[in-house]
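start_3.txt follows (compact mmCIF, C-alpha atoms (C1' of nucleotides)):
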```txt
# COMPACT_ATOMS: atom_id res chain seq x y z
CA MET A 203 181.05 84.31 103.31
CA LYS A 204 180.10 81.67 105.85
CA SER A 205 176.81 79.93 106.25
CA GLU A 206 175.70 76.91 108.17
CA PRO A 207 174.53 74.40 105.57
CA ASP A 208 171.73 73.28 107.88
CA ALA A 209 170.32 76.80 107.56
CA PHE A 210 171.40 77.72 104.03
CA GLY A 211 174.02 75.77 102.12
CA ILE A 212 175.46 75.72 98.63
CA ASP A 213 172.65 73.44 97.43
CA ASP A 214 170.14 76.04 98.55
CA LEU A 215 171.97 78.66 96.52
CA VAL A 216 172.03 76.29 93.53
CA ARG A 217 168.27 76.07 93.88
CA VAL A 218 167.42 79.75 94.36
CA LYS A 219 170.37 81.25 92.37
CA VAL A 220 170.26 84.59 94.21
CA GLU A 221 169.91 85.14 97.94
CA PRO A 222 169.94 88.28 100.09
CA TRP A 223 172.60 87.66 102.74
CA THR A 224 170.38 88.42 105.70
CA GLY A 225 170.97 87.70 109.35
CA VAL A 226 174.45 89.14 109.76
CA ARG A 227 174.44 90.91 113.14
CA ASN A 228 178.06 91.76 113.56
CA TYR A 229 179.13 95.29 112.73
CA GLN A 230 182.47 94.39 111.23
CA ALA A 231 180.89 91.80 108.96
CA ARG A 232 178.18 94.27 108.00
CA ASN A 233 180.76 96.90 107.20
CA PHE A 234 182.52 94.59 104.78
CA MET A 235 179.25 94.10 102.92
CA ARG A 236 178.16 97.70 103.13
CA ASP A 237 181.44 99.50 102.51
CA GLN A 238 183.82 97.16 100.73
CA MET A 239 181.80 94.97 98.42
CA ARG A 240 181.08 95.88 94.82
CA VAL A 241 178.76 94.27 92.31
CA GLY A 242 180.66 91.49 90.58
CA ASP A 243 183.01 90.76 93.46
CA ARG A 244 183.81 87.07 93.77
CA VAL A 245 182.71 85.16 96.84
CA LEU A 246 183.84 81.92 98.45
CA PHE A 247 180.80 80.19 99.92
CA TYR A 248 181.99 78.54 103.13
CA HIS A 249 180.12 75.91 105.14
CA SER A 250 180.57 76.53 108.84
CA ASN A 251 179.39 74.27 111.64
CA ALA A 252 179.46 71.50 109.08
CA THR A 253 181.05 68.07 108.80
CA PRO A 254 183.52 68.84 107.50
CA PRO A 255 183.59 72.63 107.35
CA GLY A 256 185.07 74.10 104.18
CA VAL A 257 184.57 75.97 100.92
CA ALA A 258 181.62 74.53 99.03
CA GLY A 259 181.08 76.88 96.13
CA LEU A 260 181.66 80.13 94.31
CA ALA A 261 179.35 83.10 94.10
CA ARG A 262 179.40 86.76 93.24
CA VAL A 263 177.92 89.95 94.62
CA ALA A 264 174.84 90.68 92.54
CA ARG A 265 173.57 93.78 94.36
CA THR A 266 174.80 96.03 97.15
CA GLY A 267 173.01 98.25 99.64
CA VAL A 268 170.31 95.66 100.29
CA VAL A 269 168.23 96.39 103.39
CA ASP A 270 168.07 93.24 105.49
CA ALA A 271 164.32 92.76 105.84
CA THR A 272 164.64 90.38 108.79
CA GLN A 273 165.60 93.25 111.09
CA PHE A 274 162.02 94.56 110.93
CA ASP A 275 160.31 91.19 111.30
CA PRO A 276 159.33 90.51 114.92
CA ALA A 277 158.96 86.84 114.07
CA SER A 278 162.53 86.56 112.83
CA PRO A 279 165.40 85.49 115.07
CA TYR A 280 167.26 88.41 113.51
CA TYR A 281 164.67 90.98 114.52
CA ASP A 282 166.27 94.18 115.77
CA PRO A 283 163.72 96.36 117.56
CA ALA A 284 166.24 99.20 117.78
CA SER A 285 166.58 99.51 114.03
CA ARG A 286 164.35 102.09 112.39
CA PRO A 287 162.94 101.71 108.87
CA ASP A 288 164.01 105.25 107.97
CA GLU A 289 167.54 104.43 109.08
CA PRO A 290 168.12 100.68 108.73
CA ARG A 291 171.01 99.39 110.74
CA TRP A 292 171.59 96.14 108.86
CA ILE A 293 172.60 96.39 105.22
CA CYS A 294 173.63 93.35 103.23
CA VAL A 295 174.19 92.20 99.64
CA ASP A 296 172.53 89.84 97.21
CA VAL A 297 174.71 86.79 96.59
CA GLU A 298 174.38 85.04 93.25
CA LEU A 299 175.54 81.53 92.46
CA GLU A 300 178.60 81.21 90.28
CA ARG A 301 178.95 77.46 90.66
CA LYS A 302 179.08 74.71 93.18
CA LEU A 303 182.65 73.42 93.40
CA PRO A 304 183.27 69.88 92.10
CA ARG A 305 184.11 68.93 95.67
CA LEU A 306 184.23 70.58 99.05
CA VAL A 307 187.64 71.95 99.96
CA ALA A 308 187.77 71.12 103.64
CA LEU A 309 189.16 73.34 106.36
CA ASP A 310 191.96 70.90 107.19
CA GLU A 311 193.05 71.06 103.54
CA LEU A 312 193.03 74.83 103.66
CA ARG A 313 195.23 74.70 106.74
CA ALA A 314 197.61 72.25 105.08
CA SER A 315 198.11 74.36 101.95
CA PRO A 316 201.26 76.51 101.92
CA ALA A 317 199.62 78.72 99.28
CA LEU A 318 197.02 79.74 101.86
CA ALA A 319 199.35 80.61 104.69
CA GLY A 320 198.10 83.80 106.27
CA MET A 321 194.57 83.48 104.95
CA LEU A 322 192.24 85.28 107.32
CA VAL A 323 189.75 82.47 107.78
CA LEU A 324 192.54 80.25 109.11
CA ALA A 325 193.55 82.65 111.83
CA ARG A 326 192.96 81.57 115.39
CA GLY A 327 189.75 82.83 116.93
CA GLN A 328 188.61 84.17 113.59
CA ARG A 329 184.83 84.20 113.75
CA LEU A 330 183.69 86.82 111.26
CA SER A 331 181.05 85.41 108.93
CA VAL A 332 181.98 87.89 106.21
CA GLN A 333 185.62 88.63 105.56
CA PRO A 334 187.92 89.69 102.72
CA VAL A 335 189.85 87.11 100.70
CA GLU A 336 193.00 87.75 98.70
CA ALA A 337 192.73 87.02 94.97
CA ALA A 338 195.65 84.59 95.13
CA HIS A 339 193.94 82.65 97.92
CA TYR A 340 190.69 82.55 95.99
CA LYS A 341 192.47 81.18 92.93
CA ALA A 342 194.40 78.63 94.95
CA ILE A 343 191.18 77.26 96.45
CA VAL A 344 189.49 77.02 93.05
CA ALA A 345 192.52 75.08 91.80
CA MET A 346 192.43 72.78 94.83
CA ALA A 347 188.80 71.98 94.15
CA GLY A 348 189.79 70.74 90.69
CA ARG A 349 192.31 68.30 92.09
CA ALA A 350 191.96 65.29 94.32
CA PRO A 351 192.23 66.10 98.01
CA VAL A 352 195.70 65.87 99.45
CA ALA A 353 196.06 63.23 102.14
CA ALA A 354 195.57 64.68 105.57
CA ALA A 355 198.71 65.55 107.45
CA PRO A 356 199.56 63.27 110.38
CA ALA A 357 197.87 64.37 113.57
CA PRO A 358 200.02 66.73 115.62
CA ALA A 359 201.46 65.48 118.88
CA ALA A 360 199.43 66.23 121.99
CA LYS A 361 198.83 69.94 121.85
CA ARG A 362 197.84 70.64 125.39
CA GLY A 363 197.62 69.04 128.75
CA ARG A 364 200.45 68.04 130.99
CA SER A 365 203.30 66.04 129.66
CA SER A 366 203.48 62.42 130.62
CA ALA A 367 207.17 62.29 129.82
CA ARG A 368 209.25 59.98 131.97
C1' DG B 221 178.58 68.67 124.43
C1' DC B 222 182.87 71.27 125.32
C1' DC B 223 185.27 75.29 125.24
C1' DA B 224 188.43 79.08 123.35
C1' DA B 225 187.87 83.37 121.40
C1' DC B 226 185.79 87.46 121.24
C1' DG B 227 181.76 90.79 120.78
C1' DT B 228 178.12 93.14 123.47
C1' DT B 229 175.86 94.83 127.51
C1' DG B 230 175.28 97.38 131.45
C1' DG B 231 176.56 98.80 136.24
C1' DC B 232 179.46 101.91 138.15
C1' DG C 70 185.54 104.81 130.12
C1' DC C 71 186.35 100.45 132.60
C1' DC C 72 185.51 95.83 132.94
C1' DA C 73 182.90 91.68 134.61
C1' DA C 74 179.23 89.01 133.11
C1' DC C 75 177.11 87.07 129.53
C1' DG C 76 176.06 85.49 124.76
C1' DT C 77 177.59 83.77 120.29
C1' DT C 78 180.59 81.53 116.97
C1' DG C 79 182.38 77.59 115.29
C1' DG C 80 185.92 73.91 115.45
C1' DC C 81 186.43 69.70 117.51
```
Show how you would write the structure in this file as structure tokens.
Amino acid sequence: MKSEPDAFGIDDLVRVKVEPWTGVRNYQARNFMRDQMRVGDRVLFYHSNATPPGVAGLARVARTGVVDATQFDPASPYYDPASRPDEPRWICVDVELERKLPRLVALDELRASPALAGMLVLARGQRLSVQPVEAAHYKAIVAMAGRAPVAAAPAPAAKRGRSSAR
DNA sequence: GCCAACGTTGGC
DNA sequence: GCCAACGTTGGC
């Protein structure tokens, strides 16, 4: 689950312990929360739009079927005037802190790890703020957080633009 | 700030 | 139902 740390980061979750995951306004992301998640499911807390972006902590699903209250709040940026209280459109989950990781596992490390090849969050153009994670990938990231970061791979050669060869 | 990717909106 | 315009996400 992604969040921008400027808005709500792992330290906020450390402070409040449990947080309703409000503000998701993408149907696919909502469907993962509404239809796939179960109480007790493990969560990777990912910092997006951060420097650097990466996995900052672990959490778990504490409650499902949570009505996102911001959809009915005209003052909220997530207000949805088309959603009706008797048939709420935006359903989320309560996310409870498991623990903050001993260090942030940065996106470039995730990309460099062979164990994470094929992980959804690394796919090109992947923007969903809520997405499934394979158990093996979850475990690999927890293990990475317990080790020192691997040195960054050398920068790839120019990836676009015209060639200046010869 | 740029921009690729992609979701949503709305005219037709 | 098509699809162009537009808005958002999120890395860089």
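Polymer residues near (175.0, 84.1, 119.3): counting only C-alpha atoms (C1' of nucleotides) with a cut-off of 10 Å, they are Arg227 of chain A; DG227 of chain B; DG76, DT77 and DT78 of chain C.
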For the residues selected in the previous step, produce a file with C-alpha atoms (C1' of nucleotides) as a tab-separated table (two decimals), keeping the file's coordinate frame.
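And here is the file that came out, part_5.tsv:
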```
chain	number	residue	atom	x	y	z
A	227	ARG	CA	174.44	90.91	113.14
B	227	DG	C1'	181.76	90.79	120.78
C	76	DG	C1'	176.06	85.49	124.76
C	77	DT	C1'	177.59	83.77	120.29
C	78	DT	C1'	180.59	81.53	116.97
```
Rounded to one decimal, what separation in Å do you get between CA of Asp213 (chain A) and CA of Val297 (chain A)?
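Computing the Euclidean distance for CA of Asp213 (chain A) and CA of Val297 (chain A) yields 13.5 Å.
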Write down, as a list in words, each residue of chain B that has any atom within 9 Å of an atom of chain A, counting only C-alpha atoms (C1' of nucleotides).
DA224, DA225, DC226 and DG227 of chain B
Just give me the gap between CA of Asp243 (chain A) and CA of Met203 (chain A) in Å, one decimal is fine.
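Pair CA of Asp243 (chain A) / CA of Met203 (chain A) returns 11.9 Å.
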What separation in Å, quoted to one decimal, exists between CA of Gly225 (chain A) and CA of Leu299 (chain A)?
18.6 Å
For Pro287 (chain A), list every protein, DNA or RNA residue within 12 Å, evaluated using all atoms listed in the file, and leave out those in the same chain fewer than 5 positions away; present the list as a PyMOL selection string.
chain A and resi 269-275+282+292-293
I'd like the contact shell of DC72 (chain C) - 12 Å cut-off, only C-alpha atoms (C1' of nucleotides), skipping same-chain residues fewer than 3 positions apart - returned as an MDAnalysis selection string.
chainID B and resid 229:232
Nearest to Val220 (chain A), chosen from A:Pro207, A:Tyr280, A:Val352, A:Glu300, with only C-alpha atoms counted in the distances:
A:Glu300
Determine, counting only C-alpha atoms (C1' of nucleotides), which protein, DNA and RNA residues have an atom within 7 Å of an atom of Lys302 (chain A); residues of the same chain fewer than 6 positions away are not included. Present the result as a ChimeraX atom specification.
/A:212,258-260
